[in-house]
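Shown here: data12.txt, compact mmCIF, C-alpha atoms and all ligand atoms.
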```txt
# COMPACT_ATOMS: atom_id res chain seq x y z
CA MET A 1 178.04 33.02 -65.71
CA LYS A 2 177.01 32.80 -62.09
CA ILE A 3 174.09 34.83 -60.82
CA ALA A 4 173.12 35.14 -57.18
CA VAL A 5 169.35 35.50 -56.97
CA LEU A 6 168.16 37.31 -53.84
CA PRO A 7 164.35 37.67 -53.89
CA GLY A 8 164.07 39.41 -50.50
CA ASP A 9 160.76 40.50 -49.01
CA GLY A 10 157.25 41.64 -49.93
CA ILE A 11 156.70 41.48 -53.68
CA GLY A 12 160.40 40.59 -54.14
CA PRO A 13 159.86 36.83 -54.68
CA GLU A 14 157.04 37.25 -57.24
CA ILE A 15 158.79 39.86 -59.38
CA VAL A 16 162.12 38.03 -59.26
CA ALA A 17 160.36 34.83 -60.37
CA GLN A 18 159.28 36.65 -63.55
CA ALA A 19 162.77 37.97 -64.20
CA VAL A 20 164.19 34.47 -63.74
CA LYS A 21 161.59 33.19 -66.22
CA VAL A 22 162.83 35.70 -68.79
CA LEU A 23 166.51 34.89 -68.14
CA THR A 24 165.80 31.19 -68.48
CA ALA A 25 163.94 31.74 -71.75
CA LEU A 26 167.09 33.32 -73.22
CA LYS A 27 168.78 29.92 -72.95
CA LEU A 28 172.16 31.33 -71.99
CA ASP A 29 174.82 29.43 -70.12
CA ILE A 30 173.78 30.72 -66.69
CA ASN A 31 173.94 29.23 -63.26
CA MET A 32 171.46 30.76 -60.78
CA THR A 33 171.50 30.20 -57.02
CA GLU A 34 168.97 31.68 -54.60
CA ALA A 35 169.64 33.04 -51.11
CA PRO A 36 167.71 35.09 -48.55
CA ILE A 37 168.31 38.79 -47.81
CA GLY A 38 166.49 41.47 -45.81
CA GLY A 39 163.64 40.25 -43.62
CA ALA A 40 163.98 36.84 -45.27
CA GLY A 41 167.64 36.77 -44.20
CA TYR A 42 166.65 37.70 -40.67
CA GLU A 43 164.06 34.89 -40.59
CA ALA A 44 166.50 32.33 -42.00
CA ALA A 45 169.69 33.25 -40.16
CA GLY A 46 168.99 36.10 -37.75
CA ASP A 47 170.82 38.55 -40.03
CA PRO A 48 169.47 40.72 -42.88
CA LEU A 49 172.63 39.82 -44.80
CA PRO A 50 173.52 36.25 -43.78
CA ASP A 51 177.18 35.26 -44.26
CA ALA A 52 176.22 32.58 -46.78
CA THR A 53 174.29 35.13 -48.84
CA LEU A 54 177.18 37.57 -48.84
CA LYS A 55 179.59 34.83 -49.89
CA LEU A 56 177.30 33.72 -52.70
CA ALA A 57 177.03 37.33 -53.90
CA LYS A 58 180.80 37.83 -53.72
CA ASP A 59 181.45 34.68 -55.74
CA ALA A 60 178.83 35.49 -58.38
CA ASP A 61 179.36 37.54 -61.55
CA ALA A 62 176.14 39.41 -60.91
CA VAL A 63 173.37 39.67 -58.34
CA LEU A 64 169.66 39.85 -59.11
CA LEU A 65 167.76 41.37 -56.20
CA GLY A 66 164.03 41.81 -55.62
CA ALA A 67 163.36 44.18 -52.74
CA VAL A 68 163.75 44.26 -48.98
CA GLY A 69 161.65 45.51 -46.09
CA ASP A 70 158.38 44.94 -44.33
CA TRP A 71 156.65 46.96 -41.61
CA LYS A 72 156.74 43.94 -39.35
CA TYR A 73 160.50 44.41 -38.95
CA ASP A 74 160.32 48.11 -38.06
CA LYS A 75 160.65 47.40 -34.35
CA LEU A 76 163.85 45.36 -34.66
CA GLU A 77 167.12 46.88 -33.58
CA ARG A 78 168.49 49.03 -36.39
CA HIS A 79 171.31 46.66 -37.40
CA LEU A 80 168.82 43.80 -37.83
CA ARG A 81 166.41 45.67 -40.09
CA PRO A 82 166.04 44.57 -43.71
CA GLU A 83 167.34 47.87 -45.17
CA ARG A 84 170.64 47.30 -43.38
CA GLY A 85 171.13 44.12 -45.40
CA LEU A 86 170.75 46.10 -48.59
CA LEU A 87 173.08 48.89 -47.51
CA ARG A 88 175.69 46.36 -46.34
CA ILE A 89 175.70 44.33 -49.53
CA ARG A 90 176.13 47.54 -51.56
CA LYS A 91 179.07 48.50 -49.37
CA GLU A 92 180.64 45.02 -49.14
CA LEU A 93 180.56 44.59 -52.92
CA ASN A 94 181.78 48.16 -53.50
CA LEU A 95 178.81 48.97 -55.71
CA PHE A 96 179.41 52.69 -55.79
CA ALA A 97 177.70 53.51 -59.09
CA ASN A 98 173.94 53.29 -59.18
CA LEU A 99 172.37 53.79 -62.59
CA ARG A 100 168.68 54.58 -62.63
CA PRO A 101 167.31 55.28 -66.09
CA ALA A 102 163.97 57.06 -66.37
CA LEU A 103 162.65 56.20 -69.79
CA LEU A 104 159.12 56.83 -70.98
CA TYR A 105 157.57 54.10 -73.08
CA PRO A 106 155.25 55.88 -75.53
CA GLU A 107 152.44 53.47 -74.67
CA LEU A 108 152.55 54.68 -71.07
CA ALA A 109 152.42 58.42 -71.69
CA ALA A 110 148.82 58.43 -70.44
CA ALA A 111 149.82 56.65 -67.22
CA SER A 112 152.04 59.53 -66.12
CA THR A 113 150.47 62.14 -63.86
CA LEU A 114 152.16 64.80 -66.04
CA LYS A 115 150.84 65.97 -69.40
CA PRO A 116 151.93 63.68 -72.26
CA GLU A 117 153.71 66.55 -74.07
CA VAL A 118 155.86 67.19 -70.99
CA VAL A 119 157.04 63.59 -70.71
CA SER A 120 156.88 62.10 -74.22
CA GLY A 121 160.34 61.16 -75.45
CA LEU A 122 161.77 61.37 -71.93
CA ASP A 123 165.09 59.56 -71.52
CA ILE A 124 167.11 60.46 -68.42
CA MET A 125 169.91 58.52 -66.78
CA ILE A 126 170.34 59.26 -63.10
CA VAL A 127 173.79 58.30 -61.83
CA ARG A 128 173.62 58.08 -58.04
CA GLU A 129 176.66 57.53 -55.82
CA LEU A 130 175.76 54.57 -53.63
CA THR A 131 178.38 53.79 -50.99
CA GLY A 132 179.13 57.17 -49.41
CA ASP A 133 177.43 60.35 -48.23
CA ILE A 134 175.20 60.71 -45.20
CA TYR A 135 174.14 57.06 -45.65
CA PHE A 136 177.50 55.82 -44.39
CA GLY A 137 179.28 58.84 -42.85
CA GLN A 138 180.56 58.67 -39.31
CA PRO A 139 179.81 59.78 -36.65
CA ARG A 140 176.21 58.66 -36.58
CA GLY A 141 173.73 57.56 -33.97
CA ILE A 142 171.28 58.66 -31.35
CA SER A 143 172.70 59.67 -28.00
CA THR A 144 171.57 61.43 -24.84
CA LEU A 145 172.98 64.86 -24.12
CA GLU A 146 174.05 66.06 -20.69
CA ASN A 147 170.74 67.86 -20.24
CA GLY A 148 168.94 64.55 -20.77
CA GLU A 149 167.68 65.45 -24.23
CA ARG A 150 168.25 62.99 -27.09
CA GLU A 151 170.14 63.98 -30.22
CA GLY A 152 170.37 62.25 -33.59
CA ILE A 153 173.50 62.60 -35.72
CA ASN A 154 174.38 61.70 -39.28
CA THR A 155 177.35 62.98 -41.21
CA MET A 156 177.43 63.99 -44.84
CA ARG A 157 180.89 63.37 -46.21
CA TYR A 158 182.63 62.68 -49.49
CA ASN A 159 186.29 62.54 -50.32
CA GLU A 160 187.73 63.58 -53.65
CA SER A 161 188.34 60.11 -55.02
CA GLU A 162 184.79 59.01 -54.27
CA ILE A 163 183.47 62.02 -56.15
CA ARG A 164 185.86 61.58 -59.05
CA ARG A 165 185.05 57.91 -59.66
CA ILE A 166 181.29 58.50 -59.78
CA GLY A 167 181.86 61.56 -61.94
CA ARG A 168 183.79 59.41 -64.39
CA VAL A 169 180.95 56.92 -64.61
CA ALA A 170 178.55 59.75 -65.45
CA PHE A 171 180.80 61.34 -68.08
CA ASP A 172 181.53 57.97 -69.70
CA ILE A 173 177.83 57.11 -69.88
CA ALA A 174 177.05 60.52 -71.34
CA MET A 175 179.66 59.92 -74.08
CA LYS A 176 178.04 56.58 -74.94
CA ARG A 177 174.57 58.09 -75.08
CA ARG A 178 175.60 60.72 -77.63
CA VAL A 179 173.49 60.44 -80.78
CA ASN A 180 174.57 61.77 -84.20
CA GLY A 181 177.26 64.13 -83.01
CA GLN A 182 175.02 65.90 -80.51
CA LYS A 183 176.77 67.23 -77.46
CA ALA A 184 176.38 64.95 -74.45
CA LYS A 185 175.10 66.60 -71.28
CA VAL A 186 175.84 65.93 -67.63
CA CYS A 187 173.99 67.86 -64.95
CA SER A 188 175.64 67.58 -61.56
CA VAL A 189 173.21 68.07 -58.70
CA ASP A 190 174.42 69.48 -55.39
CA LYS A 191 173.62 71.92 -52.62
CA ALA A 192 176.87 73.85 -52.92
CA ASN A 193 175.25 77.05 -51.65
CA VAL A 194 174.88 75.51 -48.20
CA LEU A 195 176.85 72.26 -47.83
CA GLU A 196 180.67 72.13 -48.00
CA THR A 197 180.58 68.43 -48.90
CA THR A 198 178.81 69.31 -52.10
CA GLU A 199 180.90 72.43 -52.67
CA LEU A 200 183.81 70.00 -53.00
CA TRP A 201 181.59 67.78 -55.17
CA ARG A 202 181.07 70.67 -57.59
CA GLN A 203 184.79 71.55 -57.69
CA VAL A 204 185.79 67.97 -58.47
CA MET A 205 183.15 67.70 -61.21
CA ILE A 206 184.50 70.88 -62.81
CA GLU A 207 188.09 69.57 -62.65
CA LEU A 208 187.05 66.25 -64.16
CA SER A 209 185.10 67.88 -66.97
CA ALA A 210 188.39 69.15 -68.43
CA GLU A 211 189.02 65.56 -69.54
CA TYR A 212 185.67 65.41 -71.34
CA PRO A 213 185.54 68.33 -73.79
CA GLU A 214 182.70 66.66 -75.72
CA VAL A 215 180.46 66.72 -72.68
CA GLU A 216 178.63 69.81 -71.54
CA LEU A 217 178.65 69.98 -67.75
CA SER A 218 176.06 71.99 -65.86
CA HIS A 219 175.29 72.31 -62.17
CA MET A 220 172.00 72.55 -60.36
CA TYR A 221 171.02 72.85 -56.74
CA VAL A 222 169.00 69.87 -55.62
CA ASP A 223 165.89 71.87 -54.74
CA ASN A 224 165.82 73.42 -58.19
CA ALA A 225 166.51 70.01 -59.77
CA ALA A 226 163.48 68.59 -57.98
CA MET A 227 161.39 71.39 -59.45
CA GLN A 228 162.89 71.22 -62.96
CA LEU A 229 162.25 67.46 -63.14
CA ILE A 230 158.54 68.20 -62.95
CA ARG A 231 158.56 71.48 -64.89
CA ALA A 232 160.65 70.46 -67.91
CA PRO A 233 162.14 66.99 -67.46
CA LYS A 234 163.33 66.67 -71.06
CA GLN A 235 166.08 69.24 -70.44
CA PHE A 236 168.04 66.46 -68.70
CA ASP A 237 170.30 63.82 -70.24
CA VAL A 238 172.60 62.38 -67.55
CA MET A 239 172.22 63.59 -63.97
CA VAL A 240 174.93 62.78 -61.44
CA THR A 241 174.51 63.23 -57.72
CA GLY A 242 175.29 61.91 -54.26
CA ASN A 243 173.60 59.10 -52.40
CA ILE A 244 170.77 60.86 -50.62
CA PHE A 245 169.88 63.37 -53.34
CA GLY A 246 169.93 60.51 -55.85
CA ASP A 247 167.64 58.44 -53.66
CA ILE A 248 165.05 61.20 -53.65
CA LEU A 249 165.39 62.42 -57.24
CA SER A 250 165.21 58.91 -58.68
CA ASP A 251 161.88 58.24 -56.98
CA GLU A 252 160.64 61.54 -58.34
CA ALA A 253 161.90 60.80 -61.85
CA SER A 254 160.20 57.43 -61.83
CA MET A 255 156.79 59.04 -61.65
CA LEU A 256 157.47 60.90 -64.89
CA THR A 257 157.45 57.52 -66.58
CA GLY A 258 154.03 56.52 -65.32
CA SER A 259 154.96 54.17 -62.53
CA ILE A 260 157.85 53.34 -60.27
CA GLY A 261 157.04 49.77 -61.31
CA MET A 262 158.81 50.43 -64.63
CA LEU A 263 162.23 51.54 -63.36
CA PRO A 264 165.19 49.19 -63.35
CA SER A 265 168.56 49.87 -61.77
CA ALA A 266 172.14 48.71 -61.89
CA SER A 267 174.66 49.11 -59.08
CA LEU A 268 178.19 48.62 -60.36
CA ASP A 269 181.65 48.28 -58.91
CA ALA A 270 184.85 49.40 -60.65
CA ASN A 271 184.94 46.22 -62.77
CA ASN A 272 181.31 46.24 -63.90
CA LYS A 273 180.31 43.49 -61.54
CA GLY A 274 176.82 44.49 -60.58
CA MET A 275 173.73 44.09 -58.55
CA TYR A 276 170.50 44.55 -60.46
CA GLU A 277 167.23 45.46 -58.84
CA PRO A 278 164.06 47.43 -59.48
CA SER A 279 164.22 51.01 -58.19
CA HIS A 280 161.04 50.45 -56.22
CA GLY A 281 160.59 48.88 -52.81
CA SER A 282 159.02 45.72 -51.40
CA ALA A 283 155.40 47.00 -51.33
CA PRO A 284 154.28 44.64 -48.54
CA ASP A 285 150.69 45.88 -48.94
CA ILE A 286 150.35 44.10 -52.29
CA ALA A 287 152.72 41.18 -51.65
CA GLY A 288 151.52 37.71 -52.62
CA LYS A 289 148.50 39.06 -54.52
CA ASP A 290 149.96 38.64 -58.00
CA VAL A 291 149.34 42.31 -58.85
CA ALA A 292 152.88 43.71 -58.71
CA ASN A 293 154.52 45.00 -61.88
CA PRO A 294 157.53 42.77 -62.73
CA LEU A 295 158.76 44.97 -65.59
CA ALA A 296 161.30 46.96 -63.55
CA THR A 297 162.92 43.69 -62.48
CA ILE A 298 162.80 42.26 -65.99
CA LEU A 299 164.36 45.48 -67.32
CA SER A 300 167.03 45.12 -64.63
CA VAL A 301 167.92 41.79 -66.24
CA ALA A 302 168.44 43.69 -69.50
CA MET A 303 170.80 46.03 -67.65
CA MET A 304 172.66 43.00 -66.26
CA LEU A 305 173.15 41.62 -69.76
CA ARG A 306 174.37 45.02 -70.97
CA TYR A 307 176.66 46.17 -68.16
CA THR A 308 178.04 43.01 -66.57
CA PHE A 309 177.91 40.51 -69.43
CA GLY A 310 178.49 42.95 -72.28
CA ASP A 311 175.69 41.23 -74.19
CA GLU A 312 174.01 44.20 -75.89
CA ALA A 313 172.07 41.98 -78.31
CA ASN A 314 170.24 40.06 -75.58
CA ALA A 315 169.80 43.23 -73.51
CA GLN A 316 167.91 44.74 -76.43
CA ARG A 317 165.98 41.52 -76.97
CA VAL A 318 164.62 41.77 -73.43
CA GLU A 319 163.87 45.49 -73.74
CA ASN A 320 162.11 44.94 -77.05
CA ALA A 321 160.08 42.11 -75.56
CA VAL A 322 158.91 44.47 -72.80
CA LYS A 323 157.99 47.09 -75.42
CA LYS A 324 156.10 44.47 -77.41
CA ALA A 325 154.15 43.27 -74.36
CA LEU A 326 153.15 46.89 -73.72
CA ALA A 327 152.32 47.46 -77.38
CA LEU A 328 150.06 44.40 -77.27
CA GLY A 329 148.15 46.09 -74.47
CA PHE A 330 149.28 44.08 -71.44
CA ARG A 331 149.25 46.21 -68.28
CA THR A 332 149.61 45.52 -64.58
CA ALA A 333 147.31 47.51 -62.29
CA ASP A 334 149.80 50.34 -61.68
CA ILE A 335 149.99 51.26 -65.38
CA TRP A 336 146.52 50.23 -66.46
CA THR A 337 144.44 52.73 -68.40
CA GLU A 338 141.00 52.39 -70.00
CA GLY A 339 141.03 50.11 -73.02
CA THR A 340 144.11 48.08 -72.09
CA ASN A 341 144.33 44.52 -70.82
CA LYS A 342 144.86 44.28 -67.05
CA VAL A 343 147.00 41.28 -66.08
CA GLY A 344 148.73 40.03 -62.95
CA CYS A 345 152.43 39.77 -62.20
CA ALA A 346 152.91 36.22 -63.51
CA ALA A 347 150.85 36.84 -66.66
CA MET A 348 152.95 39.93 -67.41
CA GLY A 349 156.07 37.76 -67.08
CA ASP A 350 154.51 35.26 -69.50
CA ALA A 351 153.65 38.06 -71.94
CA VAL A 352 157.29 39.18 -72.00
CA VAL A 353 158.53 35.61 -72.48
CA ALA A 354 156.05 35.14 -75.33
CA ALA A 355 157.28 38.38 -76.92
CA LEU A 356 160.89 37.17 -76.76
C1 LIG A 401 166.58 52.72 -52.72
C2 LIG A 401 165.92 52.51 -51.39
C3 LIG A 401 167.00 52.25 -50.34
C4 LIG A 401 167.88 53.48 -50.29
C5 LIG A 401 166.45 51.89 -48.94
C6 LIG A 401 165.51 50.70 -48.99
C7 LIG A 401 167.55 51.64 -47.96
O1 LIG A 401 165.14 53.60 -51.07
O2 LIG A 401 167.27 51.79 -53.19
O3 LIG A 401 166.41 53.78 -53.30
O4 LIG A 401 167.56 54.44 -49.59
O5 LIG A 401 168.91 53.47 -50.96
MG MG A 402 164.93 55.03 -52.64
```

For this file, produce the structure as structure tokens.
Amino acid sequence: MKIAVLPGDGIGPEIVAQAVKVLTALKLDINMTEAPIGGAGYEAAGDPLPDATLKLAKDADAVLLGAVGDWKYDKLERHLRPERGLLRIRKELNLFANLRPALLYPELAAASTLKPEVVSGLDIMIVRELTGDIYFGQPRGISTLENGEREGINTMRYNESEIRRIGRVAFDIAMKRRVNGQKAKVCSVDKANVLETTELWRQVMIELSAEYPEVELSHMYVDNAAMQLIRAPKQFDVMVTGNIFGDILSDEASMLTGSIGMLPSASLDANNKGMYEPSHGSAPDIAGKDVANPLATILSVAMMLRYTFGDEANAQRVENAVKKALALGFRTADIWTEGTNKVGCAAMGDAVVAAL
């Protein structure tokens, strides 16, 4: 198994180092090679996605990514900015299905800003489309109108096949999550009352649902979904939505679980090749201070084992090790509460390895 390791910027290198520690401790037959991306790619090769990095990622079975971005690159031309490297690698590798689970660990119920009874037992899977929508739609750009005024344009667009393939991923995941004969639920999030793109989205989801009689499909407008996630998050099982709504809702959902530092993600192509990264960003303000939470990245490794390598046993071993480290009281600053043991990024990685 070949894994391309792309630490990126900010806290990326320190959290990825912990995930690599955990992978190594599993003693699997894995070959890991590191390459720069984002600001690090720009520094190394003048490109947020250097050719060599893209090639390495294409040749690998899976990619482990830290995070990209730093304020110091905000003044670069748009195509040289770190985020562009991330968007390009998603597109180049055809990683259209982004899975972002929001799972509450019982030990962290007190770390959530919501009441424990609202979030306890929470287990949501957000399925976000990742290579289409307003993120990639043409035309786009900033231009100057005849009257001298500037105008910014982005285009929200989805074709049927793009909607159908992400819908399938959501329905299939819902089927797998079914416990003891309970009906699986998919909630499709759109803005069909205003946007034609998502009117089509809703139609295609309804057509597709005919093939999944065991799954109960519902629809929700994105504004209502944002509210319901805070009001009564446990009503959700699988949520499926487009790129930009998924970007926003997944950040929101992460806070239900106590910290965005806990949320892993998987971005998959049609053959389950995947890129695995924490849902959070590069947090340049705390970079290099050994205070970042590495658990989202470590849990991303578990997702890699599950989705790309089909190794459910080791995926669960990693997840159980994280649970055990939490049960033993280890906490990074973002999830620390009175009476628990505050540790740094590297020590949290060590705690997980010890629990393995
Ligand atoms: C995410 C991030 C990215 C996105 C940024 C860094 C381009 O917010 O992965 O959610 O918007 O997709
Ligand atoms: Mg985001």

Could you produce a table of the residues of stretch 30-53 of chain A lying within 12 Å of stretch 278-299 of chain A, with the nearest pair of atoms per residue and their separation in Å rounded to one decimal, using all atoms listed in the file, ordered by chain and increasing residue number, as a Markdown table?
```
| residue | atom | partner | partner_atom | distance |
| --- | --- | --- | --- | --- |
| A:Gly38 | CA | A:Ser282 | CA | 10.3 |
| A:Gly39 | CA | A:Ser282 | CA | 10.6 |
| A:Ala40 | CA | A:Ser282 | CA | 11.9 |
```

Legend entry - Gap from atom CA of A:Gly167 to atom CA of A:Val301 - Å, one decimal: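 According to the coordinates, atom CA of A:Gly167 and atom CA of A:Val301 are separated by 24.6 Å.
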
Kindly work out which residues sit at most 9 Å from ligand LIG 401 (chain A), using only C-alpha atoms and all ligand atoms, and give the list as a compact mmCIF listing (two decimals) with C-alpha atoms, in the frame of the given file.
```txt
# COMPACT_ATOMS: atom_id res chain seq x y z
CA ALA A 67 163.36 44.18 -52.74
CA VAL A 68 163.75 44.26 -48.98
CA GLY A 69 161.65 45.51 -46.09
CA PRO A 82 166.04 44.57 -43.71
CA GLU A 83 167.34 47.87 -45.17
CA ARG A 84 170.64 47.30 -43.38
CA GLY A 85 171.13 44.12 -45.40
CA LEU A 86 170.75 46.10 -48.59
CA LEU A 87 173.08 48.89 -47.51
CA LEU A 130 175.76 54.57 -53.63
CA TYR A 135 174.14 57.06 -45.65
CA ASN A 243 173.60 59.10 -52.40
CA ILE A 244 170.77 60.86 -50.62
CA GLY A 246 169.93 60.51 -55.85
CA ASP A 247 167.64 58.44 -53.66
CA ILE A 248 165.05 61.20 -53.65
CA SER A 250 165.21 58.91 -58.68
CA ASP A 251 161.88 58.24 -56.98
CA SER A 265 168.56 49.87 -61.77
CA GLU A 277 167.23 45.46 -58.84
CA PRO A 278 164.06 47.43 -59.48
CA SER A 279 164.22 51.01 -58.19
CA HIS A 280 161.04 50.45 -56.22
CA GLY A 281 160.59 48.88 -52.81
CA SER A 282 159.02 45.72 -51.40
```

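When all atoms listed in the file are used to compute distances to A:Arg317, the closest of the residues A:Ser188, A:Lys58, A:Thr113, A:Ala355 turns out to be A:Ala355.
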
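The residues that lie within 9 Å of the point (150.6, 42.0, -69.5), counting only C-alpha atoms, are Ala325, Leu326, Leu328, Gly329, Phe330, Arg331, Thr332, Asn341, Lys342, Val343, Gly344, Cys345, Ala346, Ala347, Met348, Gly349, Asp350, Ala351 and Val352 of chain A.
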
Write out as a PDB file with C-alpha atoms, in the frame of the given file each polymer residue whose atoms come within 12 Å of A:Val5, counting only C-alpha atoms; drop sequence neighbours fewer than 2 positions from it.
```pdb
ATOM      1  CA  LYS A   2     177.010  32.800 -62.090  1.00  0.00           C
ATOM      2  CA  ILE A   3     174.090  34.830 -60.820  1.00  0.00           C
ATOM      3  CA  PRO A   7     164.350  37.670 -53.890  1.00  0.00           C
ATOM      4  CA  GLY A   8     164.070  39.410 -50.500  1.00  0.00           C
ATOM      5  CA  GLY A  12     160.400  40.590 -54.140  1.00  0.00           C
ATOM      6  CA  PRO A  13     159.860  36.830 -54.680  1.00  0.00           C
ATOM      7  CA  ILE A  15     158.790  39.860 -59.380  1.00  0.00           C
ATOM      8  CA  VAL A  16     162.120  38.030 -59.260  1.00  0.00           C
ATOM      9  CA  ALA A  17     160.360  34.830 -60.370  1.00  0.00           C
ATOM     10  CA  ALA A  19     162.770  37.970 -64.200  1.00  0.00           C
ATOM     11  CA  VAL A  20     164.190  34.470 -63.740  1.00  0.00           C
ATOM     12  CA  LEU A  23     166.510  34.890 -68.140  1.00  0.00           C
ATOM     13  CA  ILE A  30     173.780  30.720 -66.690  1.00  0.00           C
ATOM     14  CA  ASN A  31     173.940  29.230 -63.260  1.00  0.00           C
ATOM     15  CA  MET A  32     171.460  30.760 -60.780  1.00  0.00           C
ATOM     16  CA  THR A  33     171.500  30.200 -57.020  1.00  0.00           C
ATOM     17  CA  GLU A  34     168.970  31.680 -54.600  1.00  0.00           C
ATOM     18  CA  ALA A  35     169.640  33.040 -51.110  1.00  0.00           C
ATOM     19  CA  PRO A  36     167.710  35.090 -48.550  1.00  0.00           C
ATOM     20  CA  ILE A  37     168.310  38.790 -47.810  1.00  0.00           C
ATOM     21  CA  THR A  53     174.290  35.130 -48.840  1.00  0.00           C
ATOM     22  CA  LEU A  54     177.180  37.570 -48.840  1.00  0.00           C
ATOM     23  CA  LEU A  56     177.300  33.720 -52.700  1.00  0.00           C
ATOM     24  CA  ALA A  57     177.030  37.330 -53.900  1.00  0.00           C
ATOM     25  CA  ALA A  60     178.830  35.490 -58.380  1.00  0.00           C
ATOM     26  CA  ASP A  61     179.360  37.540 -61.550  1.00  0.00           C
ATOM     27  CA  ALA A  62     176.140  39.410 -60.910  1.00  0.00           C
ATOM     28  CA  VAL A  63     173.370  39.670 -58.340  1.00  0.00           C
ATOM     29  CA  LEU A  64     169.660  39.850 -59.110  1.00  0.00           C
ATOM     30  CA  LEU A  65     167.760  41.370 -56.200  1.00  0.00           C
ATOM     31  CA  GLY A  66     164.030  41.810 -55.620  1.00  0.00           C
ATOM     32  CA  ALA A  67     163.360  44.180 -52.740  1.00  0.00           C
ATOM     33  CA  MET A 275     173.730  44.090 -58.550  1.00  0.00           C
ATOM     34  CA  TYR A 276     170.500  44.550 -60.460  1.00  0.00           C
ATOM     35  CA  GLU A 277     167.230  45.460 -58.840  1.00  0.00           C
ATOM     36  CA  THR A 297     162.920  43.690 -62.480  1.00  0.00           C
ATOM     37  CA  VAL A 301     167.920  41.790 -66.240  1.00  0.00           C
TER      38      VAL A 301
END
```
